[in-house]
Amino acid sequence: MTERPRTVVEVVEVAPARRAGRRPFGFRTAAVVAALGLIAAACSGSDDAGAPEEPSTSLTSTVADLDVAVDDGRLVITDAVHDVTIRQAPVGEDPFNAGFRRGDTWTSARSLEESSATTFRWSTTDPASDLVVRFEPAVDGEAPLLQVLVEGGEPVDGVSIGFEAEAGERFVGFGERSNAVDQRGSEVEHYVAEGPYASGDYDAVRAVVPAPGLRERPDATYFPLPWLLSSRGYGMLVTDDARSVHHLDEDRSGAWSVEVDAPTLAVEVFTGEDPAEVLRHFTDSIGRQPDAGSAAVLGPWIQPGAPLDGPAAVVDWVRSTDTPTSVVQTYLHYLPCGDHLGRAPEERAQEPDVYHSAGMAVTTYFNPMVCREYAQVFDEAVATGALTRTSTGEPYVYDYFGSRVFEVGQFDFTSTSGPDLYRRLLRDSLDDGYDGWMEDFGEYTPLDAFNAAGVTGSAGHNSYAREYHAAAHEVAAELDRPLLRFVRSGWTGSAAASPIVWGGDPTTSWDDSDGLKASVTNGLTMGLSGVGIWGSDIGGFFTLTAPQLTPELLIRWIQFGAFSGVMRSQANGFGANETRPQIFADPVASLWRRYAKLRTQLHPYLAASAEQYRDTGMPLMRHHLLTDPDDAAAGVDDQYRFGDWLVVAPIVEPGATARSVVLPSGVWLDLTTDLAYDESTGAFSLAGSTVLGGDHTATIEAELEQIPLLVSAGAVISLLPADVSTLAEHHAVDDVVSHLDRQDQRTLLAFPRGTSTA
């Protein structure tokens, strides 16, 4: 199989000299490059030029053969090896198909006026400006470069290019999205922000979230990626950090386009045999999540809450109920206000010690802000230039809403002192015995702020998330032990610095805007965007206008969480009352134990799937477009493969005890009822073999304690013994059994696809 790299389409603001796109954190060298650009130079096209020739140019490297030509006045990019052709959308009426913006006024290309072996020129609706495409040969081992320049006229504020959308083509990816997996028919904005929220929540949210961190739209997200993955076997990544927007056949005209709020548009193009290969090339380029170094990541995580008010109570509950627990999340806020200083060092160390002695890892809390009242750090940050600044060079201070309103500055991770000071504070928590932290926020960069590099907040708002997590990630390189960092914000390239990602603060509802169903969508869109170790707040966080969490919703969310990249419980949230159901209380505790047991015993399977992600970019939650692209299942957006062998179809409707599942081709066995659970020991075994044919839709019954779960014939799944209670590496008391104590013991569940004799 011929390896395929990416192609870059870049719009530049300089003269026709070559200029690569901005490289996000973790980017590797490009193999095939195409650049679109805008410069100011005196030249204009002729409306009555003769019909041009339409030659083609090959962009060739040792790993790719890409042909770029013009047909009927439009660009055509062809990968003959993989039978992929990408045609530019019709040029003329719609400036989004080829155009630029000055202020709010768009100018579109009109007609091809000149073509040669290396240069193509379009006139535009601005007589002073032409759109020029120019090819250059490979330089320094890189692939050839395609430059598109607007020559003439004033500087521009935005640029756009569009391509044909074929019938049945699906557009997925785009980072973490709640509104849809396939975004065809939608406008998708790429801007790091909180949300989305339930529609009725925004009146309350506006009062507490700074305006630069809030987008009131259904596609709002903490972790956007300007990345489009097509079902036809290509992908395109905008590499500019400015806000950008995809228009995905909104008017059903058969075209899609991408625009950026900058004079530069850089689009890298990837092709492959199928979407999975395209995703592999994409993640080869921008980087994949690193290994946190601990098996505990893949075990059950719990957040304590009433009535479990302290470490001793949590440990007693875990041991008395035989509930496997690998990580305990605590939230002592080292930042923004230095809450840990209210405790003596020996008191701070006591909490981690108690959990460690019971075999559990424990995390704490950070965000990238520092309170003005945390004077010893704030003053040092001001004196050393470690904070984001105003236009006059003063620290940029804004209001942050926590337990009350605080005035905060935010660390500038482009400065010399900012990352060093921030990492010093992170190390304080490690010295206190914690194993990691929630790495919260990163979405609030003011648009009128400046960083040390002189970049405005409007240009650097999105990249701040990458810079933030990259700075924190460097602490991991200093350690000789695991580090559990889980982040919510992100941007292009930040996955390479984010070993664990969680989906932010969902609503305690079933709905598809911000509830359980939306969380399933979050996980699938993240997987299609190169993030494989991802989980949600089980049970939700916000109860502003939504109903209070119910036991049924919590149980269905637990089941989904058990078959996500990370299984994390959420014990509290804004608007929750004292009756919020908890995983450690009836009627939910026994169901949490059941799925915590299953999650822990599945660790060999989970670990192999995580390693596969780090090798290939294939996520743990796998949309069928990645695994079964030619099956009907590829068009279903609320079920997925989990690892190589399992298909999971979460129940996301209240009161439902059955759902339809579109089975991929092959032979399948229904584990929904055939996987028996022994409550006394916590062990799982096979109780039958309900065989289902593939490539059809089946109705799967699933009572409240069950999740629709199928396994492919031919699978062999290895389970840990049922008495393993933790996947953490801490040396616990003698009667706590970890996975390291049972390395020589496995139970194999085998599902033959044919006949055999022993």
# chains A, B, ... in the order shown; residues from 1 in each chain; ligands from 1

$ residues_around --residues "Val475 of chain A" --least-positions-apart "4" --cutoff "10 Å" --atoms "only C-alpha atoms" --output "PyMOL selection string"
chain A and resi 423-424+426-427+470-471+479+483

$ write_last_selection --atoms "N, CA and C atoms" --output "JSON list (two decimals), in the first residue's frame"
[["chain", "number", "residue", "atom", "x", "y", "z"],
["A", 423, "ARG", "N", 4.78, 25.77, 35.82],
["A", 423, "ARG", "CA", 5.25, 24.41, 36.11],
["A", 423, "ARG", "C", 5.74, 24.29, 37.55],
["A", 424, "ARG", "N", 6.29, 25.34, 38.10],
["A", 424, "ARG", "CA", 6.70, 25.30, 39.51],
["A", 424, "ARG", "C", 5.50, 25.07, 40.42],
["A", 426, "LEU", "N", 2.70, 23.56, 39.52],
["A", 426, "LEU", "CA", 2.28, 22.18, 39.31],
["A", 426, "LEU", "C", 3.11, 21.22, 40.16],
["A", 427, "ARG", "N", 4.41, 21.47, 40.22],
["A", 427, "ARG", "CA", 5.29, 20.59, 41.00],
["A", 427, "ARG", "C", 4.94, 20.63, 42.48],
["A", 470, "ALA", "N", 0.61, 22.32, 26.37],
["A", 470, "ALA", "CA", 1.99, 21.96, 26.03],
["A", 470, "ALA", "C", 2.94, 22.32, 27.16],
["A", 471, "ALA", "N", 2.73, 23.48, 27.78],
["A", 471, "ALA", "CA", 3.59, 23.88, 28.89],
["A", 471, "ALA", "C", 3.45, 22.93, 30.07],
["A", 479, "LEU", "N", 9.50, 13.52, 35.16],
["A", 479, "LEU", "CA", 9.13, 12.57, 36.19],
["A", 479, "LEU", "C", 9.56, 11.15, 35.84],
["A", 483, "LEU", "N", 1.82, 10.35, 35.34],
["A", 483, "LEU", "CA", 1.21, 11.65, 35.61],
["A", 483, "LEU", "C", -0.16, 11.68, 34.94]]

$ residues_around --residues "Gly393 of chain A" --least-positions-apart "2" --cutoff "12 Å" --atoms "only C-alpha atoms" --output "mmCIF file with C-alpha atoms, in the first residue's frame"
data_model
loop_
_atom_site.group_PDB
_atom_site.id
_atom_site.type_symbol
_atom_site.label_atom_id
_atom_site.label_comp_id
_atom_site.auth_asym_id
_atom_site.auth_seq_id
_atom_site.Cartn_x
_atom_site.Cartn_y
_atom_site.Cartn_z
ATOM 1 C CA VAL A 382 3.409 40.612 37.127
ATOM 2 C CA ALA A 383 7.022 41.399 37.969
ATOM 3 C CA GLY A 385 6.021 39.316 32.712
ATOM 4 C CA ALA A 386 4.313 35.958 33.104
ATOM 5 C CA LEU A 387 0.755 37.157 32.411
ATOM 6 C CA THR A 388 -1.221 38.076 29.319
ATOM 7 C CA ARG A 389 -1.168 41.853 28.835
ATOM 8 C CA THR A 390 -3.301 44.788 27.762
ATOM 9 C CA SER A 391 -2.371 47.030 24.852
ATOM 10 C CA PRO A 395 -1.547 42.618 33.227
ATOM 11 C CA TYR A 396 -4.915 41.847 31.668
ATOM 12 C CA VAL A 397 -7.313 41.222 34.576
ATOM 13 C CA ASP A 448 -8.039 42.514 22.873
ATOM 14 C CA ALA A 449 -5.197 41.052 24.943
ATOM 15 C CA PHE A 450 -1.582 40.605 23.844
ATOM 16 C CA ASN A 451 0.943 37.895 24.589
ATOM 17 C CA ALA A 452 4.706 38.228 24.862
ATOM 18 C CA GLY A 454 2.907 40.490 20.342
#

$ residues_around --residues "Gly540 of chain A" --least-positions-apart "3" --cutoff "6 Å" --atoms "only C-alpha atoms" --output "mmCIF file with N, CA and C atoms, in the first residue's frame"
data_model
loop_
_atom_site.group_PDB
_atom_site.id
_atom_site.type_symbol
_atom_site.label_atom_id
_atom_site.label_comp_id
_atom_site.auth_asym_id
_atom_site.auth_seq_id
_atom_site.Cartn_x
_atom_site.Cartn_y
_atom_site.Cartn_z
ATOM 1 N N PRO A 506 -21.355 18.747 30.833
ATOM 2 C CA PRO A 506 -22.649 18.514 30.190
ATOM 3 C C PRO A 506 -23.817 18.778 31.133
ATOM 4 N N THR A 507 -24.996 18.774 30.556
ATOM 5 C CA THR A 507 -26.231 19.011 31.288
ATOM 6 C C THR A 507 -26.816 17.686 31.767
ATOM 7 N N THR A 508 -27.479 17.707 32.908
ATOM 8 C CA THR A 508 -28.092 16.500 33.468
ATOM 9 C C THR A 508 -29.396 16.203 32.731
ATOM 10 N N ASP A 537 -18.292 13.530 31.823
ATOM 11 C CA ASP A 537 -18.743 13.615 33.213
ATOM 12 C C ASP A 537 -19.962 12.706 33.362
#

$ atom_distance --atom1 "atom CA of Ile717 of chain A" --atom2 "atom CA of Leu749 of chain A"
5.1 Å

$ residues_around --residues "Asp249 of chain A" --least-positions-apart "6" --cutoff "10 Å" --atoms "only C-alpha atoms" --output "list in words"
Phe163, Glu164, Ala165, Glu166, Phe171, Gln183, Arg184, Gly185, Ser186, Glu187, Ala255, Trp256 and Ser257 of chain A

$ atom_distance --atom1 "atom CA of Trp592 of chain A" --atom2 "atom CA of Pro300 of chain A"
9.5 Å

$ residues_around --residues "Asp219 of chain A" --least-positions-apart "2" --cutoff "6 Å" --atoms "only C-alpha atoms" --output "MDAnalysis selection string"
chainID A and resid 177 179 217

$ residues_around --residues "Gln303 of chain A" --least-positions-apart "2" --cutoff "9 Å" --atoms "only C-alpha atoms" --output "list in words"
Trp301, Gly305, Val327, Val328, Gln329, Thr330, Arg568, Ser569, Gln570, Ala571 and Asn572 of chain A

$ atom_distance --atom1 "atom CA of Tyr400 of chain A" --atom2 "atom CA of Gly195 of chain A"
16.5 Å

$ closest_residue --among "A:Pro352, A:Pro155, A:Gly359, A:Gly573" --to "Gly436 of chain A" --atoms "only C-alpha atoms"
A:Pro352

$ closest_residue --among "A:Asp201, A:Glu701, A:Asp670, A:Asp284" --to "Gly688 of chain A" --atoms "only C-alpha atoms"
A:Asp670

$ residues_around --residues "Gln548 of chain A" --least-positions-apart "6" --cutoff "12 Å" --atoms "only C-alpha atoms" --output "list in words"
Thr507, Thr508, Ser509, Trp510, Gly539, Gly540, Phe541, Phe542, Leu554, Asn572, Gly573, Phe574, Gly575, Ala576, Asn577, Glu578, Thr579, Arg580 and Pro581 of chain A

$ closest_residue --among "A:Val132, A:Val736, A:Leu332, A:Val156" --to "Ala349 of chain A" --atoms "only C-alpha atoms"
A:Leu332

$ closest_residue --among "A:Ala262, A:Ala381, A:Val648, A:Ile302" --to "Gly103 of chain A" --atoms "only C-alpha atoms"
A:Ala262

$ closest_residue --among "A:Gly666, A:Pro619, A:Pro90, A:Gly168" --to "Arg232 of chain A" --atoms "only C-alpha atoms"
A:Gly168

$ select_by_dssp --residues "segment 408-450 of chain A" --states "alpha helix (DSSP H)" --output "PDB file with N, CA and C atoms, in the first residue's frame"
ATOM      1  N   SER A 417       8.885  33.609  31.257  1.00  0.00           N
ATOM      2  CA  SER A 417       8.667  33.292  32.669  1.00  0.00           C
ATOM      3  C   SER A 417       7.371  32.551  32.934  1.00  0.00           C
ATOM      4  N   GLY A 418       6.355  32.734  32.081  1.00  0.00           N
ATOM      5  CA  GLY A 418       5.051  32.136  32.346  1.00  0.00           C
ATOM      6  C   GLY A 418       5.073  30.626  32.487  1.00  0.00           C
ATOM      7  N   PRO A 419       5.608  29.886  31.511  1.00  0.00           N
ATOM      8  CA  PRO A 419       5.637  28.433  31.646  1.00  0.00           C
ATOM      9  C   PRO A 419       6.444  27.961  32.847  1.00  0.00           C
ATOM     10  N   ASP A 420       7.565  28.611  33.127  1.00  0.00           N
ATOM     11  CA  ASP A 420       8.395  28.192  34.258  1.00  0.00           C
ATOM     12  C   ASP A 420       7.670  28.371  35.586  1.00  0.00           C
ATOM     13  N   LEU A 421       7.024  29.514  35.767  1.00  0.00           N
ATOM     14  CA  LEU A 421       6.294  29.746  37.007  1.00  0.00           C
ATOM     15  C   LEU A 421       5.127  28.776  37.131  1.00  0.00           C
ATOM     16  N   TYR A 422       4.429  28.557  36.047  1.00  0.00           N
ATOM     17  CA  TYR A 422       3.280  27.651  36.090  1.00  0.00           C
ATOM     18  C   TYR A 422       3.717  26.231  36.447  1.00  0.00           C
ATOM     19  N   ARG A 423       4.781  25.767  35.823  1.00  0.00           N
ATOM     20  CA  ARG A 423       5.252  24.406  36.112  1.00  0.00           C
ATOM     21  C   ARG A 423       5.741  24.286  37.552  1.00  0.00           C
ATOM     22  N   ARG A 424       6.291  25.341  38.100  1.00  0.00           N
ATOM     23  CA  ARG A 424       6.704  25.303  39.509  1.00  0.00           C
ATOM     24  C   ARG A 424       5.498  25.074  40.417  1.00  0.00           C
ATOM     25  N   LEU A 425       4.380  25.707  40.100  1.00  0.00           N
ATOM     26  CA  LEU A 425       3.169  25.514  40.890  1.00  0.00           C
ATOM     27  C   LEU A 425       2.626  24.098  40.728  1.00  0.00           C
ATOM     28  N   LEU A 426       2.701  23.562  39.520  1.00  0.00           N
ATOM     29  CA  LEU A 426       2.282  22.178  39.308  1.00  0.00           C
ATOM     30  C   LEU A 426       3.114  21.223  40.158  1.00  0.00           C
ATOM     31  N   ARG A 427       4.409  21.470  40.220  1.00  0.00           N
ATOM     32  CA  ARG A 427       5.288  20.590  40.998  1.00  0.00           C
ATOM     33  C   ARG A 427       4.939  20.633  42.481  1.00  0.00           C
ATOM     34  N   ASP A 428       4.410  21.759  42.963  1.00  0.00           N
ATOM     35  CA  ASP A 428       4.001  21.821  44.368  1.00  0.00           C
ATOM     36  C   ASP A 428       2.985  20.731  44.680  1.00  0.00           C
ATOM     37  N   SER A 429       2.059  20.492  43.779  1.00  0.00           N
ATOM     38  CA  SER A 429       1.047  19.459  44.026  1.00  0.00           C
ATOM     39  C   SER A 429       1.663  18.063  43.996  1.00  0.00           C
ATOM     40  N   LEU A 430       2.646  17.868  43.132  1.00  0.00           N
ATOM     41  CA  LEU A 430       3.326  16.573  43.096  1.00  0.00           C
ATOM     42  C   LEU A 430       4.115  16.353  44.379  1.00  0.00           C
ATOM     43  N   ASP A 431       4.733  17.406  44.889  1.00  0.00           N
ATOM     44  CA  ASP A 431       5.450  17.298  46.159  1.00  0.00           C
ATOM     45  C   ASP A 431       4.502  16.951  47.302  1.00  0.00           C
TER      46      ASP A 431
END
